[in-house]
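A.B. asks: Just so it is clear, I am handing over structure_4.tsv, which has TSV, C-alpha atoms.
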```tsv
chain	number	residue	atom	x	y	z
A	7	MET	CA	96.44	34.66	196.76
A	8	LYS	CA	94.80	38.08	196.50
A	9	GLU	CA	95.35	41.15	198.59
A	10	ILE	CA	92.33	43.35	199.35
A	11	VAL	CA	93.11	46.75	200.88
A	12	ILE	CA	90.53	48.85	202.69
A	13	ILE	CA	91.27	52.58	202.81
A	14	SER	CA	89.26	55.75	203.17
A	15	GLY	CA	91.36	58.89	202.72
A	16	LYS	CA	89.46	60.53	205.56
A	17	GLY	CA	89.56	58.98	209.03
A	18	GLY	CA	86.37	58.06	210.87
A	19	THR	CA	84.33	56.94	207.87
A	20	GLY	CA	83.81	53.42	209.25
A	21	LYS	CA	86.70	51.74	207.50
A	22	THR	CA	87.67	49.47	210.37
A	23	SER	CA	84.02	48.64	211.17
A	24	VAL	CA	83.66	47.47	207.58
A	25	ALA	CA	86.97	45.59	207.72
A	26	ALA	CA	86.00	43.81	210.95
A	27	ALA	CA	82.54	42.94	209.61
A	28	LEU	CA	84.09	41.47	206.45
A	29	ALA	CA	86.59	39.59	208.59
A	30	SER	CA	83.63	38.05	210.46
A	31	VAL	CA	81.98	36.64	207.36
A	32	ALA	CA	84.93	35.85	205.06
A	33	GLN	CA	86.37	32.37	205.04
A	34	ASN	CA	89.93	31.67	204.15
A	35	ILE	CA	91.55	35.01	204.99
A	36	VAL	CA	94.50	36.44	206.84
A	37	ILE	CA	93.87	39.90	208.28
A	38	ALA	CA	96.59	42.58	208.34
A	39	ASP	CA	96.05	45.64	210.52
A	40	CYS	CA	98.26	48.20	208.80
A	41	ASP	CA	96.71	51.23	210.50
A	42	VAL	CA	99.41	50.96	213.14
A	43	ASP	CA	99.16	54.56	214.39
A	44	ALA	CA	95.66	53.80	215.59
A	45	ALA	CA	95.49	50.03	215.49
A	46	ASP	CA	92.11	48.78	216.68
A	47	MET	CA	91.37	45.49	214.92
A	48	HIS	CA	92.77	43.72	217.97
A	49	LEU	CA	90.00	45.25	220.13
A	50	ILE	CA	87.46	43.31	218.09
A	51	LEU	CA	89.39	40.23	217.02
A	52	LYS	CA	90.93	39.47	220.46
A	53	PRO	CA	94.17	38.02	219.12
A	54	LYS	CA	96.29	35.48	220.95
A	55	ILE	CA	99.85	36.34	220.00
A	56	LYS	CA	101.72	33.37	218.53
A	57	HIS	CA	104.86	35.05	217.21
A	58	SER	CA	106.30	38.42	218.04
A	59	ASN	CA	109.28	40.18	216.51
A	60	ASN	CA	111.08	43.38	217.33
A	61	PHE	CA	110.67	46.18	214.82
A	62	TYR	CA	113.65	48.41	214.19
A	63	SER	CA	113.33	51.62	212.21
A	64	GLY	CA	115.24	54.84	211.84
A	65	VAL	CA	118.57	55.72	213.44
A	66	LYS	CA	119.88	58.03	216.11
A	67	ALA	CA	123.43	59.29	216.55
A	68	LYS	CA	125.54	57.92	219.39
A	69	ILE	CA	128.93	59.35	220.40
A	70	GLU	CA	131.57	56.81	221.45
A	71	THR	CA	133.15	58.87	224.24
A	72	HIS	CA	136.45	56.96	224.20
A	73	LEU	CA	136.97	57.98	220.55
A	74	CYS	CA	135.64	61.54	220.87
A	75	VAL	CA	138.30	64.26	220.62
A	76	SER	CA	135.94	66.94	221.98
A	77	CYS	CA	136.35	69.21	218.96
A	78	GLY	CA	132.70	70.33	219.16
A	79	GLU	CA	132.08	70.09	215.38
A	80	CYS	CA	128.97	67.96	215.90
A	81	GLU	CA	127.45	70.46	218.30
A	82	ARG	CA	128.22	73.29	215.87
A	83	ILE	CA	126.51	71.71	212.85
A	84	CYS	CA	123.55	69.96	214.51
A	85	ARG	CA	120.48	71.95	213.51
A	86	PHE	CA	118.32	70.11	216.03
A	87	ASN	CA	120.54	71.16	218.96
A	88	ALA	CA	120.69	67.49	219.93
A	89	ILE	CA	124.36	67.49	221.02
A	90	ILE	CA	124.97	68.42	224.61
A	91	HIS	CA	128.28	68.72	226.40
A	92	THR	CA	129.31	68.98	230.01
A	93	SER	CA	132.98	69.65	230.86
A	94	GLY	CA	134.26	68.45	227.49
A	95	THR	CA	132.15	65.25	227.29
A	96	TYR	CA	129.82	65.22	224.31
A	97	THR	CA	126.60	63.21	224.23
A	98	VAL	CA	123.48	63.04	222.08
A	99	ASN	CA	120.06	63.84	223.49
A	100	PRO	CA	117.97	61.09	221.87
A	101	LEU	CA	114.75	63.08	222.21
A	102	ASP	CA	116.13	65.82	219.98
A	103	CYS	CA	118.14	63.70	217.51
A	104	GLU	CA	116.35	63.27	214.17
A	105	GLY	CA	118.87	60.75	212.86
A	106	CYS	CA	119.87	62.89	209.88
A	107	GLY	CA	123.47	61.64	210.04
A	108	TYR	CA	125.16	65.01	209.50
A	109	CYS	CA	127.35	64.66	212.63
A	110	TYR	CA	128.15	61.06	211.70
A	111	ASN	CA	129.43	62.21	208.34
A	112	ILE	CA	131.54	65.14	209.53
A	113	CYS	CA	133.05	63.78	212.79
A	114	PRO	CA	136.83	63.97	212.21
A	115	ALA	CA	137.50	61.23	214.80
A	116	GLY	CA	134.90	58.80	213.47
A	117	ALA	CA	133.48	58.70	216.98
A	118	ILE	CA	129.81	58.85	216.03
A	119	ASN	CA	127.69	55.84	215.12
A	120	LEU	CA	124.16	55.74	213.79
A	121	VAL	CA	122.29	53.18	215.85
A	122	GLU	CA	119.06	51.54	214.62
A	123	GLN	CA	116.17	52.17	216.94
A	124	LEU	CA	113.85	49.58	218.43
A	125	VAL	CA	110.50	51.34	217.95
A	126	GLY	CA	107.95	48.57	218.39
A	127	GLN	CA	106.94	45.00	217.77
A	128	TYR	CA	104.99	43.13	215.15
A	129	PHE	CA	102.94	40.01	215.69
A	130	LEU	CA	101.22	37.09	214.09
A	131	SER	CA	98.21	36.00	216.13
A	132	ASP	CA	95.24	33.66	216.21
A	133	THR	CA	91.93	35.53	216.40
A	134	LYS	CA	88.65	34.49	217.98
A	135	LEU	CA	87.28	34.04	214.44
A	136	GLY	CA	89.81	31.34	213.63
A	137	SER	CA	91.69	33.46	211.10
A	138	LYS	CA	95.20	34.80	211.60
A	139	LEU	CA	95.94	38.47	212.24
A	140	ALA	CA	99.21	40.23	211.44
A	141	HIS	CA	99.50	43.41	213.49
A	142	ALA	CA	101.96	45.68	215.24
A	143	GLN	CA	102.40	47.93	218.22
A	144	LEU	CA	104.58	51.01	218.26
A	145	GLY	CA	106.36	52.58	221.22
A	146	ILE	CA	105.55	56.06	222.49
A	147	GLY	CA	106.36	58.72	219.91
A	148	ALA	CA	107.12	56.20	217.12
A	149	ASP	CA	105.16	56.62	213.90
A	150	ASN	CA	103.78	54.28	211.29
A	151	SER	CA	105.84	54.02	208.12
A	152	GLY	CA	105.90	52.40	204.72
A	153	LYS	CA	108.46	50.00	206.10
A	154	LEU	CA	106.21	48.88	208.96
A	155	VAL	CA	103.21	48.42	206.66
A	156	ALA	CA	105.40	46.37	204.29
A	157	THR	CA	106.59	44.30	207.26
A	158	VAL	CA	103.07	43.58	208.55
A	159	LYS	CA	101.85	42.74	205.05
A	160	LYS	CA	104.79	40.42	204.52
A	161	GLU	CA	104.03	38.62	207.80
A	162	ALA	CA	100.42	38.16	206.62
A	163	LYS	CA	101.59	36.92	203.24
A	164	ILE	CA	103.97	34.33	204.69
A	165	SER	CA	101.14	33.01	206.88
A	166	ALA	CA	98.73	32.93	203.92
A	167	VAL	CA	101.18	30.99	201.76
A	168	ARG	CA	101.98	28.54	204.56
A	169	ASN	CA	98.32	27.82	205.30
A	170	GLN	CA	97.11	28.02	201.67
A	171	ILE	CA	94.84	30.97	202.38
A	172	ASP	CA	93.28	32.75	199.39
A	173	TYR	CA	92.84	36.31	200.63
A	174	ILE	CA	94.67	38.90	202.68
A	175	LEU	CA	92.38	41.59	204.06
A	176	VAL	CA	94.38	44.73	204.80
A	177	ASP	CA	93.01	47.47	207.04
A	178	GLY	CA	94.97	50.47	205.76
A	179	SER	CA	95.58	53.83	207.35
A	180	PRO	CA	93.84	57.12	206.61
A	181	GLY	CA	95.52	59.79	204.52
A	182	ILE	CA	97.60	59.42	201.36
A	183	GLY	CA	101.10	59.22	202.85
A	184	CYS	CA	103.86	56.63	202.86
A	185	PRO	CA	101.93	53.98	204.88
A	186	VAL	CA	99.00	54.16	202.44
A	187	ILE	CA	101.27	53.96	199.40
A	188	SER	CA	102.93	50.94	200.95
A	189	SER	CA	99.58	49.27	201.64
A	190	LEU	CA	98.56	49.75	197.97
A	191	SER	CA	101.83	48.44	196.59
A	192	GLY	CA	101.29	44.88	195.43
A	193	ALA	CA	97.54	44.90	196.20
A	194	ASP	CA	94.88	43.35	193.94
A	195	PHE	CA	91.78	45.27	194.97
A	196	VAL	CA	90.99	48.47	196.84
A	197	LEU	CA	87.83	48.94	198.85
A	198	LEU	CA	87.23	52.63	199.55
A	199	VAL	CA	85.00	53.47	202.49
A	200	THR	CA	83.71	57.03	202.45
A	201	GLU	CA	81.03	59.19	204.03
A	202	PRO	CA	78.93	61.98	202.54
A	203	THR	CA	80.68	64.98	204.05
A	204	ARG	CA	82.70	67.63	202.22
A	205	SER	CA	85.95	66.31	203.65
A	206	GLY	CA	84.87	62.72	203.06
A	207	LEU	CA	84.48	63.41	199.34
A	208	CYS	CA	87.59	65.59	199.12
A	209	ASP	CA	89.76	62.93	200.79
A	210	LEU	CA	88.18	60.22	198.65
A	211	GLN	CA	89.32	62.17	195.59
A	212	ARG	CA	92.85	62.53	196.92
A	213	VAL	CA	93.20	58.87	197.79
A	214	TRP	CA	91.70	57.85	194.44
A	215	GLU	CA	94.30	59.95	192.61
A	216	LEU	CA	96.93	57.96	194.50
A	217	THR	CA	95.22	54.64	193.78
A	218	THR	CA	95.12	55.29	190.03
A	219	THR	CA	98.92	55.43	189.90
A	220	PHE	CA	98.80	51.76	190.93
A	221	LYS	CA	96.08	50.78	188.44
A	222	ILE	CA	94.22	48.67	190.99
A	223	PRO	CA	90.52	47.91	190.46
A	224	ALA	CA	88.41	49.58	193.12
A	225	GLY	CA	85.02	49.52	194.76
A	226	CYS	CA	83.45	51.93	197.20
A	227	ILE	CA	81.09	51.76	200.14
A	228	ILE	CA	79.29	55.00	201.03
A	229	ASN	CA	78.73	54.80	204.76
A	230	LYS	CA	76.17	56.96	206.61
A	231	LYS	CA	74.62	57.76	203.24
A	232	ASP	CA	71.55	59.44	204.73
A	233	ILE	CA	73.38	62.12	206.71
A	234	ASN	CA	73.74	64.15	203.53
A	235	LEU	CA	71.90	62.94	200.45
A	236	LEU	CA	73.20	65.77	198.26
A	237	ILE	CA	76.86	64.90	198.82
A	238	SER	CA	75.97	61.19	198.58
A	239	GLU	CA	74.70	61.91	195.08
A	240	GLU	CA	77.88	63.86	194.31
A	241	ILE	CA	79.97	60.91	195.48
A	242	THR	CA	77.91	58.49	193.38
A	243	GLN	CA	78.54	60.61	190.29
A	244	TYR	CA	82.25	60.85	191.10
A	245	LEU	CA	82.45	57.05	191.39
A	246	GLN	CA	80.67	56.60	188.05
A	247	LYS	CA	82.90	59.09	186.29
A	248	ASN	CA	86.04	57.38	187.55
A	249	GLY	CA	85.00	53.78	187.00
A	250	ILE	CA	84.81	52.91	190.68
A	251	TYR	CA	82.18	50.27	191.41
A	252	LEU	CA	79.62	51.30	194.05
A	253	VAL	CA	79.52	48.16	196.19
A	254	CYS	CA	76.76	49.44	198.47
A	255	SER	CA	75.50	52.36	200.54
A	256	LEU	CA	74.91	51.97	204.25
A	257	PRO	CA	72.62	54.12	206.42
A	258	TYR	CA	73.79	55.89	209.53
A	259	ASP	CA	73.36	53.35	212.32
A	260	ASN	CA	74.08	53.36	216.04
A	261	ASP	CA	75.11	49.71	215.76
A	262	PHE	CA	78.51	50.91	214.46
A	263	SER	CA	79.48	52.61	217.70
A	264	GLN	CA	77.65	50.07	219.91
A	265	ALA	CA	79.46	47.16	218.28
A	266	ILE	CA	82.87	48.73	218.81
A	267	THR	CA	82.00	49.69	222.39
A	268	THR	CA	81.24	46.06	223.15
A	269	GLY	CA	84.35	44.80	221.34
A	270	GLN	CA	82.42	43.10	218.56
A	271	SER	CA	82.09	43.39	214.83
A	272	LEU	CA	78.75	44.53	213.39
A	273	VAL	CA	78.06	40.96	212.32
A	274	GLU	CA	78.59	39.62	215.83
A	275	TYR	CA	76.71	42.47	217.49
A	276	ASN	CA	73.56	42.19	215.41
A	277	PRO	CA	73.79	39.22	213.01
A	278	SER	CA	70.18	39.35	211.80
A	279	LYS	CA	70.70	42.88	210.54
A	280	TRP	CA	74.28	42.75	209.19
A	281	LYS	CA	75.41	39.23	208.44
A	282	GLN	CA	73.75	38.64	205.06
A	283	LEU	CA	74.66	42.15	203.93
A	284	PHE	CA	78.38	41.64	204.55
A	285	VAL	CA	78.27	38.10	203.14
A	286	ASN	CA	76.94	39.68	199.94
A	287	ILE	CA	79.56	42.44	199.95
A	288	TRP	CA	82.34	39.88	200.37
A	289	LYS	CA	80.87	37.77	197.56
A	290	THR	CA	80.63	40.76	195.25
A	291	ILE	CA	84.24	41.69	195.87
A	292	THR	CA	85.76	38.22	195.59
A	293	LYS	CA	83.57	36.81	192.80
A	294	GLU	CA	82.92	39.80	190.57
A	295	LEU	CA	85.46	42.52	191.14
A	296	ILE	CA	88.89	40.89	191.50
B	14	MET	CA	117.31	47.05	174.64
B	15	LYS	CA	117.68	47.02	178.42
B	16	ILE	CA	114.74	45.74	180.48
B	17	ALA	CA	114.40	46.16	184.24
B	18	PHE	CA	112.34	43.82	186.46
B	19	THR	CA	111.34	44.15	190.13
B	20	SER	CA	112.18	40.72	191.49
B	21	THR	CA	112.19	38.59	194.63
B	22	GLY	CA	115.36	36.77	193.50
B	23	THR	CA	118.32	37.00	191.14
B	24	GLY	CA	117.66	34.52	188.31
B	25	TRP	CA	115.20	33.88	185.47
B	26	ASP	CA	113.15	31.58	187.72
B	27	ALA	CA	112.67	34.20	190.44
B	28	LYS	CA	109.19	35.64	190.94
B	29	ILE	CA	108.37	39.23	190.04
B	30	ASP	CA	108.19	41.33	193.19
B	31	PRO	CA	104.75	42.99	192.97
B	32	ARG	CA	106.06	45.99	194.89
B	33	PHE	CA	108.06	48.71	193.19
B	34	GLY	CA	109.70	50.81	195.92
B	35	ARG	CA	110.43	47.97	198.31
B	36	THR	CA	111.30	45.35	195.72
B	37	GLU	CA	114.02	43.05	197.03
B	38	PHE	CA	116.03	42.96	193.80
B	39	ILE	CA	116.16	44.83	190.54
B	40	LEU	CA	117.15	42.66	187.58
B	41	ILE	CA	118.42	44.19	184.36
B	42	TYR	CA	118.33	42.14	181.18
B	43	ASP	CA	120.51	43.48	178.38
B	44	GLU	CA	119.10	41.92	175.19
B	45	GLU	CA	122.12	42.81	173.00
B	46	LYS	CA	124.61	41.22	175.38
B	47	ASP	CA	122.11	38.51	176.46
B	48	GLU	CA	123.11	39.23	180.02
B	49	LEU	CA	120.98	39.26	183.20
B	50	THR	CA	122.43	41.26	186.09
B	51	SER	CA	120.96	41.85	189.54
B	52	ILE	CA	121.01	44.74	191.98
B	53	ASP	CA	120.38	44.00	195.65
B	54	ASN	CA	117.74	46.50	196.79
B	55	ARG	CA	117.23	45.15	200.31
B	56	ASN	CA	118.83	48.11	202.04
B	57	ILE	CA	116.06	50.25	200.50
B	58	VAL	CA	113.41	47.78	201.71
B	59	ASN	CA	114.75	48.69	205.13
B	60	ILE	CA	114.28	52.45	205.10
B	61	ALA	CA	111.23	53.86	206.84
B	62	HIS	CA	110.00	56.43	204.32
B	63	GLY	CA	110.51	57.29	200.67
B	64	ALA	CA	111.47	53.89	199.30
B	65	GLY	CA	109.80	54.55	195.94
B	66	PRO	CA	111.86	57.58	194.84
B	67	LYS	CA	115.10	55.88	195.95
B	68	THR	CA	114.37	52.77	193.91
B	69	ALA	CA	113.38	55.05	191.03
B	70	GLN	CA	116.81	56.71	191.28
B	71	ILE	CA	118.49	53.32	190.85
B	72	ILE	CA	116.34	52.56	187.81
B	73	PHE	CA	117.19	56.02	186.46
B	74	ASP	CA	120.93	55.39	186.84
B	75	GLN	CA	120.66	52.02	185.08
B	76	ALA	CA	118.77	53.70	182.20
B	77	PRO	CA	116.71	50.77	180.93
B	78	GLN	CA	114.09	51.37	178.19
B	79	VAL	CA	111.47	49.13	179.81
B	80	LEU	CA	110.40	48.46	183.41
B	81	ILE	CA	108.30	45.40	184.27
B	82	THR	CA	106.69	45.30	187.72
B	83	GLY	CA	103.56	44.42	189.72
B	84	ASN	CA	101.33	47.43	190.21
B	85	GLY	CA	103.53	50.44	190.99
B	86	PRO	CA	105.23	52.81	190.94
B	87	GLY	CA	103.48	55.33	193.22
B	88	GLY	CA	103.21	59.03	192.45
B	89	ASN	CA	106.60	60.27	193.68
B	90	ALA	CA	108.53	57.42	192.10
B	91	ALA	CA	106.58	57.84	188.87
B	92	GLY	CA	107.59	61.52	188.93
B	93	VAL	CA	111.26	60.50	188.88
B	94	LEU	CA	110.75	57.91	186.15
B	95	ALA	CA	108.81	60.38	183.99
B	96	ARG	CA	112.13	62.24	183.54
B	97	MET	CA	113.54	59.35	181.54
B	98	ASN	CA	112.39	57.66	178.39
B	99	LEU	CA	110.96	54.57	180.04
B	100	LYS	CA	108.07	52.32	179.15
B	101	ILE	CA	106.43	51.02	182.36
B	102	LEU	CA	104.58	47.72	182.15
B	103	ILE	CA	102.55	46.34	185.04
B	104	GLY	CA	100.46	43.32	185.97
B	105	ALA	CA	103.36	40.87	186.09
B	106	ALA	CA	102.75	39.87	189.72
B	107	GLY	CA	102.87	36.11	190.19
B	108	MET	CA	104.98	35.52	187.07
B	109	THR	CA	108.62	34.42	187.02
B	110	ILE	CA	111.10	36.78	185.37
B	111	ASN	CA	111.18	34.46	182.38
B	112	GLU	CA	107.38	34.40	182.06
B	113	ALA	CA	107.21	38.18	182.48
B	114	TYR	CA	109.79	38.63	179.69
B	115	GLU	CA	107.79	36.33	177.39
B	116	ALA	CA	104.58	38.20	178.28
B	117	PHE	CA	106.32	41.47	177.44
B	118	LYS	CA	107.48	40.18	174.03
B	119	ASN	CA	103.94	39.01	173.27
B	120	ASN	CA	102.43	42.37	174.31
B	121	LYS	CA	100.51	40.72	177.14
B	122	LEU	CA	101.39	43.28	179.83
B	123	GLN	CA	99.41	46.36	180.73
B	124	GLN	CA	100.85	49.84	180.26
B	125	GLY	CA	101.40	51.71	183.52
B	126	GLY	CA	102.72	54.96	184.86
B	127	GLU	CA	101.01	57.50	182.59
B	128	ASN	CA	99.18	59.18	185.47
B	129	ALA	CA	102.35	60.67	186.90
```
Please lay out the structure from this file as structure tokens.
C.D. replies:
Amino acid sequence: MKEIVIISGKGGTGKTSVAAALASVAQNIVIADCDVDAADMHLILKPKIKHSNNFYSGVKAKIETHLCVSCGECERICRFNAIIHTSGTYTVNPLDCEGCGYCYNICPAGAINLVEQLVGQYFLSDTKLGSKLAHAQLGIGADNSGKLVATVKKEAKISAVRNQIDYILVDGSPGIGCPVISSLSGADFVLLVTEPTRSGLCDLQRVWELTTTFKIPAGCIINKKDINLLISEEITQYLQKNGIYLVCSLPYDNDFSQAITTGQSLVEYNPSKWKQLFVNIWKTITKELI
Amino acid sequence: MKIAFTSTGTGWDAKIDPRFGRTEFILIYDEEKDELTSIDNRNIVNIAHGAGPKTAQIIFDQAPQVLITGNGPGGNAAGVLARMNLKILIGAAGMTINEAYEAFKNNKLQQGGENA
């Protein structure tokens, strides 16, 4: 089983459009939506949830009032001002608590616990394409993390092993932070989707620097190539210099936004224009590059 | 020589864990003593952020000369490991610990980590 991760560095390059289009043409895949901060694969793939699990992450302090001796030490040391007291009763304001554990460690009465927080749920679903989708939903104010990406990928992997599926297609998050590192860890191929803008190229460089620490073979799709041919050329040279295979360049096309607006992948929205192209891209990746 | 493996289990038949930071176990094989010991890393799997540097700290404390893993470590973890005299070998995903050790002895593994 091989894991293919799609990332971009910069957001808005068309990463998820490419991921959804590949998901429409690829056989024998499990899809993992690891861009949990802005998950949108489900808008296109229309999943029917088969299994859901609670996702716990991070801790917050909780004062056991029957053990509290009202010494006020916790309030004194908390640098987030998260401890409040009214007439000698101390409590934690969960909105301010960062879960650092300082109060937990210094409380002389041992009255403070660190309680794991339920921040969201993760799912394994059947999609309208017939493939499975591992995905997640976070509560208000909760953020994506390396742990959540690892959890979603693991869910996808278990499903792939159980159903003898050959490929896991991971839609990663933008940026170069913990969730992206976690999506690269253990992956077999990286597909970079970029666009010819200054920030597109700059973020491509940053995410490539990260990818090289993992020594994963990589390919790149330059999306909206014709919006700036000069930077497109710069990107092409950058790819050559760094041994990144240029899988293809795509023109700017209104189909991208129209497809998403109608809840379809490019391949579903306009098959005569996109299907063969993405079949070829998938073939190139799975037959030649992995 | 001491050799560290990222592993999904505790014995020679366990599979290499392809992840570095969130590996479930770290196995240390001491060639002189012919002894395989395991460290349970699952509480690090459970932390939200910064798993890589924390796992790197454990490797640092164990002071092996060789690390065999899947495709990591990432930049921050590699920064920690660069402070010790450690040879990082990657590409062992899918192998058992035993197979990975044989591959290492036959120079079949790829060198990793020098970008840090």
A.B. asks: Give me, as a PyMOL selection string, the residues of chain A touching chain B, with the criterion being at most 12 Å (counting all atoms listed in the file).
C.D. replies: chain A and resi 7-9+61-65+105+122-123+125+148-157+159-160+182-195+212-223
A.B. asks: B:Leu94, B:Glu48, B:Gly24, B:Leu40: which is nearest Pro66 (chain B), counting only C-alpha atoms?
C.D. replies: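 Using only C-alpha atoms, the shortest distance to Pro66 (chain B) belongs to B:Leu94.
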A.B. asks: B:Ala76, B:Ile52, B:Ala90, B:Ile81: which is nearest Met108 (chain B), counting all atoms listed in the file?
C.D. replies: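 Result for the nearest residue to Met108 (chain B): B:Ile81.
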A.B. asks: Find the residues near region 19-30 of chain A: any atom within 10 Å, counting only C-alpha atoms, skip ones fewer than 4 places away on the same chain, and give them as a PyMOL selection string.
C.D. replies: chain A and resi 11-15+34-37+39+41+45-48+50-51+134-137+175-180+197-203+206+227-230+262-263+265-266+270-275+280-281+283-288
A.B. asks: Can you spit out the residues from that selection as an mmCIF file, in the frame of the given file, using C-alpha atoms?
C.D. replies:
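Once written, out_8.cif looks like this:
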```cif
data_model
loop_
_atom_site.group_PDB
_atom_site.id
_atom_site.type_symbol
_atom_site.label_atom_id
_atom_site.label_comp_id
_atom_site.auth_asym_id
_atom_site.auth_seq_id
_atom_site.Cartn_x
_atom_site.Cartn_y
_atom_site.Cartn_z
ATOM 1 C CA VAL A 11 93.110 46.750 200.880
ATOM 2 C CA ILE A 12 90.530 48.850 202.690
ATOM 3 C CA ILE A 13 91.270 52.580 202.810
ATOM 4 C CA SER A 14 89.260 55.750 203.170
ATOM 5 C CA GLY A 15 91.360 58.890 202.720
ATOM 6 C CA ASN A 34 89.930 31.670 204.150
ATOM 7 C CA ILE A 35 91.550 35.010 204.990
ATOM 8 C CA VAL A 36 94.500 36.440 206.840
ATOM 9 C CA ILE A 37 93.870 39.900 208.280
ATOM 10 C CA ASP A 39 96.050 45.640 210.520
ATOM 11 C CA ASP A 41 96.710 51.230 210.500
ATOM 12 C CA ALA A 45 95.490 50.030 215.490
ATOM 13 C CA ASP A 46 92.110 48.780 216.680
ATOM 14 C CA MET A 47 91.370 45.490 214.920
ATOM 15 C CA HIS A 48 92.770 43.720 217.970
ATOM 16 C CA ILE A 50 87.460 43.310 218.090
ATOM 17 C CA LEU A 51 89.390 40.230 217.020
ATOM 18 C CA LYS A 134 88.650 34.490 217.980
ATOM 19 C CA LEU A 135 87.280 34.040 214.440
ATOM 20 C CA GLY A 136 89.810 31.340 213.630
ATOM 21 C CA SER A 137 91.690 33.460 211.100
ATOM 22 C CA LEU A 175 92.380 41.590 204.060
ATOM 23 C CA VAL A 176 94.380 44.730 204.800
ATOM 24 C CA ASP A 177 93.010 47.470 207.040
ATOM 25 C CA GLY A 178 94.970 50.470 205.760
ATOM 26 C CA SER A 179 95.580 53.830 207.350
ATOM 27 C CA PRO A 180 93.840 57.120 206.610
ATOM 28 C CA LEU A 197 87.830 48.940 198.850
ATOM 29 C CA LEU A 198 87.230 52.630 199.550
ATOM 30 C CA VAL A 199 85.000 53.470 202.490
ATOM 31 C CA THR A 200 83.710 57.030 202.450
ATOM 32 C CA GLU A 201 81.030 59.190 204.030
ATOM 33 C CA PRO A 202 78.930 61.980 202.540
ATOM 34 C CA THR A 203 80.680 64.980 204.050
ATOM 35 C CA GLY A 206 84.870 62.720 203.060
ATOM 36 C CA ILE A 227 81.090 51.760 200.140
ATOM 37 C CA ILE A 228 79.290 55.000 201.030
ATOM 38 C CA ASN A 229 78.730 54.800 204.760
ATOM 39 C CA LYS A 230 76.170 56.960 206.610
ATOM 40 C CA PHE A 262 78.510 50.910 214.460
ATOM 41 C CA SER A 263 79.480 52.610 217.700
ATOM 42 C CA ALA A 265 79.460 47.160 218.280
ATOM 43 C CA ILE A 266 82.870 48.730 218.810
ATOM 44 C CA GLN A 270 82.420 43.100 218.560
ATOM 45 C CA SER A 271 82.090 43.390 214.830
ATOM 46 C CA LEU A 272 78.750 44.530 213.390
ATOM 47 C CA VAL A 273 78.060 40.960 212.320
ATOM 48 C CA GLU A 274 78.590 39.620 215.830
ATOM 49 C CA TYR A 275 76.710 42.470 217.490
ATOM 50 C CA TRP A 280 74.280 42.750 209.190
ATOM 51 C CA LYS A 281 75.410 39.230 208.440
ATOM 52 C CA LEU A 283 74.660 42.150 203.930
ATOM 53 C CA PHE A 284 78.380 41.640 204.550
ATOM 54 C CA VAL A 285 78.270 38.100 203.140
ATOM 55 C CA ASN A 286 76.940 39.680 199.940
ATOM 56 C CA ILE A 287 79.560 42.440 199.950
ATOM 57 C CA TRP A 288 82.340 39.880 200.370
#
```
A.B. asks: A:Ala140, A:Ile174, A:Tyr110, A:Tyr258: which is nearest Ile10 (chain A), counting only C-alpha atoms?
C.D. replies: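 The shortest atom-to-atom distance to Ile10 (chain A) comes from A:Ile174.
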A.B. asks: Considering all atoms listed in the file, return as a CSV table (one decimal) with C-alpha atoms, keeping the file's coordinate frame whatever protein or nucleic-acid residues lie within 9 Å of Ile39 (chain B), sequence-local ones (same chain, fewer than 4 positions apart) excluded.
C.D. replies:
```
chain,number,residue,atom,x,y,z
B,17,ALA,CA,114.4,46.2,184.2
B,18,PHE,CA,112.3,43.8,186.5
B,19,THR,CA,111.3,44.2,190.1
B,20,SER,CA,112.2,40.7,191.5
B,21,THR,CA,112.2,38.6,194.6
B,22,GLY,CA,115.4,36.8,193.5
B,23,THR,CA,118.3,37.0,191.1
B,50,THR,CA,122.4,41.3,186.1
B,51,SER,CA,121.0,41.8,189.5
B,52,ILE,CA,121.0,44.7,192.0
B,53,ASP,CA,120.4,44.0,195.6
B,54,ASN,CA,117.7,46.5,196.8
B,68,THR,CA,114.4,52.8,193.9
B,71,ILE,CA,118.5,53.3,190.8
B,72,ILE,CA,116.3,52.6,187.8
```
A.B. asks: So the first atom is CA of Asn60 (chain A) and the second is CA of Glu161 (chain A); what is the distance between them in Å, to one decimal place?
C.D. replies: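 Value for the CA of Asn60 (chain A)-CA of Glu161 (chain A) distance: 12.8 Å.
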A.B. asks: Identify the residues around (133.0, 72.1, 216.6) within a radius of 12 Å, measuring from only C-alpha atoms in the coordinates stated by the file, and give them as an mmCIF file with C-alpha atoms, in the coordinates of the input.
C.D. replies:
```
data_model
loop_
_atom_site.group_PDB
_atom_site.id
_atom_site.type_symbol
_atom_site.label_atom_id
_atom_site.label_comp_id
_atom_site.auth_asym_id
_atom_site.auth_seq_id
_atom_site.Cartn_x
_atom_site.Cartn_y
_atom_site.Cartn_z
ATOM 1 C CA CYS A 74 135.640 61.540 220.870
ATOM 2 C CA VAL A 75 138.300 64.260 220.620
ATOM 3 C CA SER A 76 135.940 66.940 221.980
ATOM 4 C CA CYS A 77 136.350 69.210 218.960
ATOM 5 C CA GLY A 78 132.700 70.330 219.160
ATOM 6 C CA GLU A 79 132.080 70.090 215.380
ATOM 7 C CA CYS A 80 128.970 67.960 215.900
ATOM 8 C CA GLU A 81 127.450 70.460 218.300
ATOM 9 C CA ARG A 82 128.220 73.290 215.870
ATOM 10 C CA ILE A 83 126.510 71.710 212.850
ATOM 11 C CA CYS A 84 123.550 69.960 214.510
ATOM 12 C CA ILE A 89 124.360 67.490 221.020
ATOM 13 C CA ILE A 90 124.970 68.420 224.610
ATOM 14 C CA HIS A 91 128.280 68.720 226.400
ATOM 15 C CA GLY A 94 134.260 68.450 227.490
ATOM 16 C CA TYR A 96 129.820 65.220 224.310
ATOM 17 C CA CYS A 109 127.350 64.660 212.630
ATOM 18 C CA ILE A 112 131.540 65.140 209.530
ATOM 19 C CA CYS A 113 133.050 63.780 212.790
ATOM 20 C CA PRO A 114 136.830 63.970 212.210
ATOM 21 C CA ALA A 115 137.500 61.230 214.800
#
```
